[in-house]
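Asks: So here's work31.cif (mmCIF, C-alpha atoms).
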data_structure
loop_
_atom_site.label_atom_id
_atom_site.label_comp_id
_atom_site.auth_asym_id
_atom_site.auth_seq_id
_atom_site.Cartn_x
_atom_site.Cartn_y
_atom_site.Cartn_z
CA MET A 646 123.77 135.40 171.74
CA SER A 647 122.79 138.94 170.83
CA GLY A 648 124.50 138.51 167.49
CA PHE A 649 122.37 135.43 166.76
CA ASP A 650 119.19 137.40 167.55
CA ASN A 651 120.23 140.14 165.19
CA PHE A 652 120.95 137.56 162.49
CA ASN A 653 117.59 135.90 163.00
CA THR A 654 115.79 139.21 162.78
CA ASP A 655 117.64 140.35 159.72
CA PHE A 656 117.30 137.00 157.88
CA TYR A 657 113.72 137.45 156.67
CA GLN A 658 111.34 140.25 157.46
CA SER A 659 107.67 139.20 157.51
CA SER A 660 104.45 140.58 158.89
CA TYR A 661 103.36 137.14 160.17
CA SER A 662 103.11 136.72 163.91
CA VAL A 663 102.16 134.05 166.39
CA ASP A 664 98.91 135.80 167.23
CA ASP A 665 97.78 135.45 163.61
CA GLN A 666 98.40 131.71 163.78
CA ASN A 667 96.28 131.28 166.89
CA GLN A 668 93.44 133.21 165.35
CA ALA A 669 93.57 131.04 162.24
CA ALA A 670 93.49 127.91 164.39
CA TYR A 671 90.50 129.19 166.29
CA GLY A 672 88.74 130.01 163.05
CA TYR A 673 89.32 126.43 161.83
CA ASN A 674 87.76 125.03 164.94
CA ASN A 675 84.73 127.25 164.53
CA ASP A 676 84.29 126.15 160.94
CA ASN A 677 84.66 122.54 162.02
CA ARG A 678 81.93 122.96 164.56
CA GLN A 679 79.73 124.50 161.91
CA TYR A 680 80.33 121.52 159.64
CA GLY A 681 79.68 119.20 162.54
CA GLN A 682 76.32 120.77 163.16
CA TYR A 683 75.17 120.15 159.59
CA GLU A 684 72.39 117.59 159.44
CA TYR A 685 73.33 115.13 156.68
CA SER A 686 70.43 112.88 157.51
CA GLN A 687 67.96 115.57 156.54
CA GLN A 688 69.51 115.99 153.11
CA MET A 689 69.80 112.24 152.38
CA GLY A 690 66.30 111.47 153.65
CA TYR A 691 67.46 109.20 156.47
CA PRO A 692 65.48 109.39 159.71
CA ALA A 693 67.11 111.13 162.57
CA PRO A 694 68.37 109.05 165.49
CA GLY A 695 65.58 108.04 167.81
CA MET A 696 62.94 108.34 165.07
CA MET A 697 63.25 104.88 163.39
CA GLN A 698 60.27 103.67 161.42
CA PRO A 699 58.49 100.65 162.90
CA GLN A 700 59.20 97.44 160.93
CA GLN A 701 56.30 95.89 159.09
CA PRO A 702 55.82 92.13 159.63
CA TYR A 703 56.82 89.92 156.67
CA THR A 704 53.71 88.36 155.15
CA GLY A 705 55.25 86.58 152.16
CA GLN A 706 56.33 82.96 151.75
CA ILE A 707 59.80 81.61 152.22
CA PHE A 708 61.34 80.61 148.89
CA GLN A 709 61.83 76.89 148.63
CA PRO A 710 63.88 75.73 145.62
CA ALA A 711 62.47 72.85 143.60
CA GLN A 712 64.22 69.54 144.08
CA THR A 713 65.16 69.15 140.45
CA TYR A 714 68.60 68.38 139.04
CA THR A 715 69.49 69.48 135.58
CA PRO A 716 72.74 67.91 134.37
CA SER A 717 75.25 70.13 132.75
CA SER A 718 76.00 69.97 129.06
CA SER A 719 79.21 68.01 129.60
CA GLN A 720 77.46 65.42 131.79
CA SER A 721 74.62 65.00 129.33
CA MET A 722 77.14 64.64 126.52
CA TYR A 723 79.02 61.93 128.40
CA SER A 724 75.82 60.08 129.28
CA SER A 725 74.64 60.14 125.69
CA THR A 726 78.08 59.00 124.55
CA PHE A 727 78.04 56.05 126.94
CA ASP A 728 74.55 55.07 125.84
CA ASP A 729 75.57 55.07 122.18
CA GLU A 730 78.69 52.98 122.70
CA PRO A 731 78.60 49.37 121.43
CA PRO A 732 79.18 46.49 123.86
CA LEU A 733 82.74 45.69 124.87
CA LEU A 734 82.82 42.31 123.11
CA GLU A 735 81.67 43.94 119.87
CA GLU A 736 84.45 46.53 120.16
CA LEU A 737 86.95 43.69 120.54
CA GLY A 738 85.58 42.09 117.38
CA ILE A 739 83.68 39.30 119.17
CA ASN A 740 80.08 39.09 118.01
CA PHE A 741 78.41 35.85 119.03
CA ASP A 742 75.52 36.36 116.62
CA HIS A 743 77.87 36.64 113.64
CA ILE A 744 79.93 33.71 114.89
CA TRP A 745 76.81 31.57 115.04
CA GLN A 746 75.68 32.64 111.57
CA LYS A 747 79.10 31.89 110.07
CA THR A 748 79.15 28.50 111.79
CA LEU A 749 75.74 27.63 110.36
CA THR A 750 76.92 28.73 106.92
CA VAL A 751 79.88 26.34 107.14
CA LEU A 752 77.75 23.46 108.43
CA HIS A 753 75.29 23.98 105.55
CA PRO A 754 77.37 24.11 102.36
CA LEU A 755 74.34 24.65 100.10
CA LYS A 756 73.05 27.63 102.09
CA ALA A 757 73.61 31.06 100.56
CA ALA A 758 76.25 33.07 102.44
CA ASP A 759 75.74 36.65 103.57
CA GLY A 760 78.60 38.61 102.03
CA SER A 761 78.33 41.54 104.45
CA ILE A 762 78.89 39.26 107.45
CA MET A 763 81.50 37.06 105.81
CA ASN A 764 83.60 40.06 104.81
CA GLU A 765 84.31 40.90 108.46
CA THR A 766 87.66 40.31 110.13
CA ASP A 767 86.57 37.95 112.89
CA LEU A 768 89.40 35.87 114.34
CA ALA A 769 87.72 34.75 117.57
CA GLY A 770 85.95 31.77 115.98
CA PRO A 771 88.97 30.60 113.92
CA MET A 772 91.21 30.66 116.99
CA VAL A 773 88.72 28.52 118.90
CA PHE A 774 88.41 26.06 116.01
CA CYS A 775 92.19 25.77 115.64
CA LEU A 776 92.52 25.03 119.35
CA ALA A 777 89.71 22.49 119.13
CA PHE A 778 91.38 20.80 116.16
CA GLY A 779 94.69 20.58 118.02
CA ALA A 780 92.90 19.29 121.12
CA THR A 781 91.20 16.46 119.22
CA LEU A 782 94.54 15.50 117.67
CA LEU A 783 96.03 15.50 121.16
CA LEU A 784 93.31 13.11 122.32
CA ALA A 785 94.34 10.78 119.49
CA GLY A 786 97.94 10.88 120.71
CA LYS A 787 99.21 13.40 118.14
CA ILE A 788 100.88 16.56 119.42
CA GLN A 789 100.59 18.68 116.29
CA PHE A 790 99.85 22.21 117.51
CA GLY A 791 102.91 23.65 115.78
CA TYR A 792 101.98 22.04 112.44
CA VAL A 793 98.39 23.26 112.74
CA TYR A 794 99.36 26.90 113.26
CA GLY A 795 102.24 26.77 110.76
CA ILE A 796 100.12 25.27 107.97
CA SER A 797 97.28 27.66 108.78
CA ALA A 798 99.53 30.72 108.46
CA THR A 799 101.12 29.49 105.23
CA GLY A 800 97.76 28.59 103.70
CA CYS A 801 96.20 31.93 104.64
CA LEU A 802 99.11 33.80 103.08
CA ALA A 803 98.90 31.78 99.84
CA MET A 804 95.12 32.22 99.58
CA TYR A 805 95.46 35.93 100.29
CA CYS A 806 97.82 36.40 97.36
CA LEU A 807 95.70 34.21 95.07
CA LEU A 808 92.39 35.92 95.86
CA ASN A 809 93.86 39.39 95.40
CA LEU A 810 94.98 38.33 91.92
CA MET A 811 91.63 36.80 91.02
CA SER A 812 89.19 39.35 92.47
CA MET A 813 88.56 42.91 91.31
CA THR A 814 87.84 44.38 94.75
CA GLY A 815 90.63 42.75 96.73
CA VAL A 816 90.47 41.15 100.16
CA SER A 817 92.23 41.65 103.48
CA PHE A 818 94.42 39.06 105.15
CA GLY A 819 92.16 39.01 108.20
CA CYS A 820 89.12 38.15 106.11
CA VAL A 821 90.95 35.25 104.46
CA ALA A 822 92.12 33.90 107.81
CA SER A 823 88.62 34.24 109.23
CA VAL A 824 86.94 32.30 106.41
CA LEU A 825 89.54 29.54 106.31
CA GLY A 826 89.40 29.21 110.10
CA TYR A 827 85.63 28.85 110.19
CA CYS A 828 85.70 26.27 107.42
CA LEU A 829 88.05 24.16 109.55
CA LEU A 830 85.01 23.02 111.57
CA PRO A 831 84.31 19.82 109.51
CA MET A 832 87.97 18.86 109.97
CA ILE A 833 87.38 18.90 113.74
CA VAL A 834 84.60 16.36 113.20
CA LEU A 835 87.02 14.18 111.24
CA SER A 836 89.71 14.33 113.92
CA SER A 837 87.05 13.52 116.55
CA PHE A 838 86.21 10.33 114.65
CA GLY A 839 89.94 9.56 114.58
CA VAL A 840 89.90 9.46 118.39
CA LEU A 841 87.32 6.65 118.37
CA PHE A 842 88.54 4.50 115.45
CA SER A 843 91.25 4.41 112.80
CA LEU A 844 90.87 6.49 109.65
CA GLN A 845 93.37 4.48 107.60
CA GLY A 846 90.82 2.00 106.27
CA LEU A 847 88.36 2.31 103.39
CA MET A 848 85.77 3.98 105.60
CA GLY A 849 88.34 6.47 106.77
CA VAL A 850 89.36 7.34 103.19
CA VAL A 851 85.76 7.97 102.15
CA LEU A 852 85.08 10.06 105.25
CA THR A 853 88.29 12.05 104.74
CA THR A 854 87.46 12.75 101.09
CA GLY A 855 83.98 13.92 102.01
CA VAL A 856 85.29 16.23 104.75
CA ILE A 857 87.87 17.78 102.39
CA GLY A 858 85.15 18.47 99.83
CA TRP A 859 82.91 19.87 102.54
CA CYS A 860 85.55 22.32 103.81
CA SER A 861 86.63 23.46 100.34
CA LEU A 862 83.04 23.90 99.12
CA SER A 863 82.09 26.01 102.14
CA ALA A 864 85.21 28.19 101.89
CA SER A 865 84.83 28.78 98.15
CA LYS A 866 81.14 29.63 98.56
CA ILE A 867 81.93 32.26 101.20
CA PHE A 868 84.79 33.74 99.14
CA ILE A 869 82.77 34.18 95.96
CA SER A 870 79.83 35.73 97.86
CA ALA A 871 82.03 38.18 99.76
CA LEU A 872 84.19 39.15 96.76
CA ALA A 873 81.49 39.01 94.05
CA MET A 874 83.39 36.34 92.08
CA ASP A 875 80.48 34.76 90.25
CA GLY A 876 81.31 31.65 88.18
CA GLN A 877 84.71 31.13 89.83
CA GLN A 878 83.80 28.81 92.69
CA LEU A 879 85.65 25.80 91.28
CA LEU A 880 88.79 27.88 90.74
CA VAL A 881 88.68 28.97 94.39
CA ALA A 882 87.69 25.52 95.69
CA TYR A 883 90.77 23.81 94.24
CA PRO A 884 93.46 25.61 96.33
CA CYS A 885 91.16 25.37 99.36
CA ALA A 886 90.98 21.59 98.84
CA LEU A 887 94.79 21.40 98.76
CA LEU A 888 95.02 23.28 102.05
CA TYR A 889 92.42 21.20 103.84
CA GLY A 890 93.93 18.03 102.37
CA VAL A 891 97.09 18.74 104.39
CA PHE A 892 95.02 19.02 107.55
CA ALA A 893 93.31 15.73 106.64
CA LEU A 894 96.70 14.00 106.28
CA ILE A 895 97.60 15.18 109.78
CA SER A 896 94.32 13.74 111.10
CA VAL A 897 94.68 10.40 109.35
CA PHE A 898 98.37 9.74 109.90
#
In structure tokens, how does this file's structure come out?
Replies:
Amino acid sequence: MSGFDNFNTDFYQSSYSVDDQNQAAYGYNNDNRQYGQYEYSQQMGYPAPGMMQPQQPYTGQIFQPAQTYTPSSSQSMYSSTFDDEPPLLEELGINFDHIWQKTLTVLHPLKAADGSIMNETDLAGPMVFCLAFGATLLLAGKIQFGYVYGISATGCLAMYCLLNLMSMTGVSFGCVASVLGYCLLPMIVLSSFGVLFSLQGLMGVVLTTGVIGWCSLSASKIFISALAMDGQQLLVAYPCALLYGVFALISVF
């Protein structure tokens, strides 16, 4: 044990002692007390404890927000977009005003046709007229729905090719089908007469010839007004008469 004490003493010689450490610790405490006695409130301008300023009563008015709602930019954009949208039937291509105008144009062969309206692809009216034509044939005891749609498709395709060869501007297949379908309206009148009496007599032949001329004249008038084919109405009326003549044969026989 005495050897260990000699080794510990000889290991490192220093003038530091335990008494110096205690004095340093006491000095730290004294400094800490000095720092603790420093009045920070006096430097920062805060009132000392126990010397609070009396609160002044609030004399203003309580803020009340206005009951107004301002829509955001996205909501205003959507609302304006919905307001500017066309009706649903017009988006689907069903415009009852144009259907009525086209029907009046067909019923009045001598009336001038509006080319801007007739150049539209409107298939709602032609579909209704084809169904009505098949229904009147069904009332007469003739189930000819397949022939009606087959002849209509073949005739529209033939007229589409012919009009594109004859006109300078060209025409769409939907426009051709729309015009030929609307001009089928007089043929519905003929098939309705066939429900009441026979069309195979002299009166039936005269009525059938008049209806064929009526349909072909109306169709050719609409085609030349929509395609600006002045002076070519008879050339367009001839193939239209052949097409409506087939429908007349179905109605008569």
Asks: Given the choices A:Phe898, A:Phe892, A:Tyr883, A:Tyr827, which gets closest to Ile867 of chain A if the distance is worked out from all atoms listed in the file?
Replies: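 Residue with the minimum atom-to-atom distance to Ile867 of chain A: A:Tyr827.
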Asks: Of the residues A:Leu810, A:Cys801, A:Leu829, A:Ala893, which is the one nearest to Gly849 of chain A, using all atoms listed in the file?
Replies: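 Ranking A:Leu810, A:Cys801, A:Leu829, A:Ala893 by distance to Gly849 of chain A, first place goes to A:Ala893.
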Asks: Please evaluate the PyMOL selection byres ((chain A and resi 891) around 12) against the displayed coordinates and give the resulting residues as an NGL selection string.
Replies: :A and (792-793 or 795-797 or 799-800 or 829 or 832 or 853-854 or 857 or 884-890 or 892-898)
Asks: Work out how far atom CA of Asp767 of chain A is from atom CA of Met874 of chain A, in Å to one decimal.
Replies: 21.1 Å
Asks: Name the residues captured by the PyMOL selection byres ((chain A and resi 860) around 7) when it is applied to the shown file; answer as number ranges by chain.
Replies: A: 828-829, 831, 856-859, 861-864, 889
Asks: Convert the output of the PyMOL selection byres ((chain A and resi 807-809) around 12) on the shown file into explicit residues, formatted as a ChimeraX atom specification.
Replies: /A:800-806,810-818,820-821,865,868-869,871-874,877-878,880-885
Asks: Would you mind exporting C-alpha atoms of the selected residues as an mmCIF file, in the frame of the given file?
Replies:
data_model
loop_
_atom_site.group_PDB
_atom_site.id
_atom_site.type_symbol
_atom_site.label_atom_id
_atom_site.label_comp_id
_atom_site.auth_asym_id
_atom_site.auth_seq_id
_atom_site.Cartn_x
_atom_site.Cartn_y
_atom_site.Cartn_z
ATOM 1 C CA GLY A 800 97.760 28.590 103.700
ATOM 2 C CA CYS A 801 96.200 31.930 104.640
ATOM 3 C CA LEU A 802 99.110 33.800 103.080
ATOM 4 C CA ALA A 803 98.900 31.780 99.840
ATOM 5 C CA MET A 804 95.120 32.220 99.580
ATOM 6 C CA TYR A 805 95.460 35.930 100.290
ATOM 7 C CA CYS A 806 97.820 36.400 97.360
ATOM 8 C CA LEU A 810 94.980 38.330 91.920
ATOM 9 C CA MET A 811 91.630 36.800 91.020
ATOM 10 C CA SER A 812 89.190 39.350 92.470
ATOM 11 C CA MET A 813 88.560 42.910 91.310
ATOM 12 C CA THR A 814 87.840 44.380 94.750
ATOM 13 C CA GLY A 815 90.630 42.750 96.730
ATOM 14 C CA VAL A 816 90.470 41.150 100.160
ATOM 15 C CA SER A 817 92.230 41.650 103.480
ATOM 16 C CA PHE A 818 94.420 39.060 105.150
ATOM 17 C CA CYS A 820 89.120 38.150 106.110
ATOM 18 C CA VAL A 821 90.950 35.250 104.460
ATOM 19 C CA SER A 865 84.830 28.780 98.150
ATOM 20 C CA PHE A 868 84.790 33.740 99.140
ATOM 21 C CA ILE A 869 82.770 34.180 95.960
ATOM 22 C CA ALA A 871 82.030 38.180 99.760
ATOM 23 C CA LEU A 872 84.190 39.150 96.760
ATOM 24 C CA ALA A 873 81.490 39.010 94.050
ATOM 25 C CA MET A 874 83.390 36.340 92.080
ATOM 26 C CA GLN A 877 84.710 31.130 89.830
ATOM 27 C CA GLN A 878 83.800 28.810 92.690
ATOM 28 C CA LEU A 880 88.790 27.880 90.740
ATOM 29 C CA VAL A 881 88.680 28.970 94.390
ATOM 30 C CA ALA A 882 87.690 25.520 95.690
ATOM 31 C CA TYR A 883 90.770 23.810 94.240
ATOM 32 C CA PRO A 884 93.460 25.610 96.330
ATOM 33 C CA CYS A 885 91.160 25.370 99.360
#
Asks: Report, in Å with one decimal, the straight-line distance from atom CA of Ser823 of chain A to atom CA of Ala785 of chain A.
Replies: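 The value is 26.2 Å.
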Asks: How many Å separate atom CA of Leu879 of chain A from atom CA of Met848 of chain A?
Replies: 26.1 Å
Asks: Check the smallest atom-to-atom distance from each of A:Gly786, A:Gly779, A:Gly819, A:Gly791 to Thr766 of chain A using all atoms listed in the file, then report the winner.
Replies: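 The answer is A:Gly819, which sits nearest to Thr766 of chain A.
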Asks: Which one of A:Cys775, A:Glu765, A:Ala780, A:Leu835 sits closest to Tyr794 of chain A if you count all atoms listed in the file?
Replies: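 Among the listed residues, A:Cys775 lies closest to Tyr794 of chain A.
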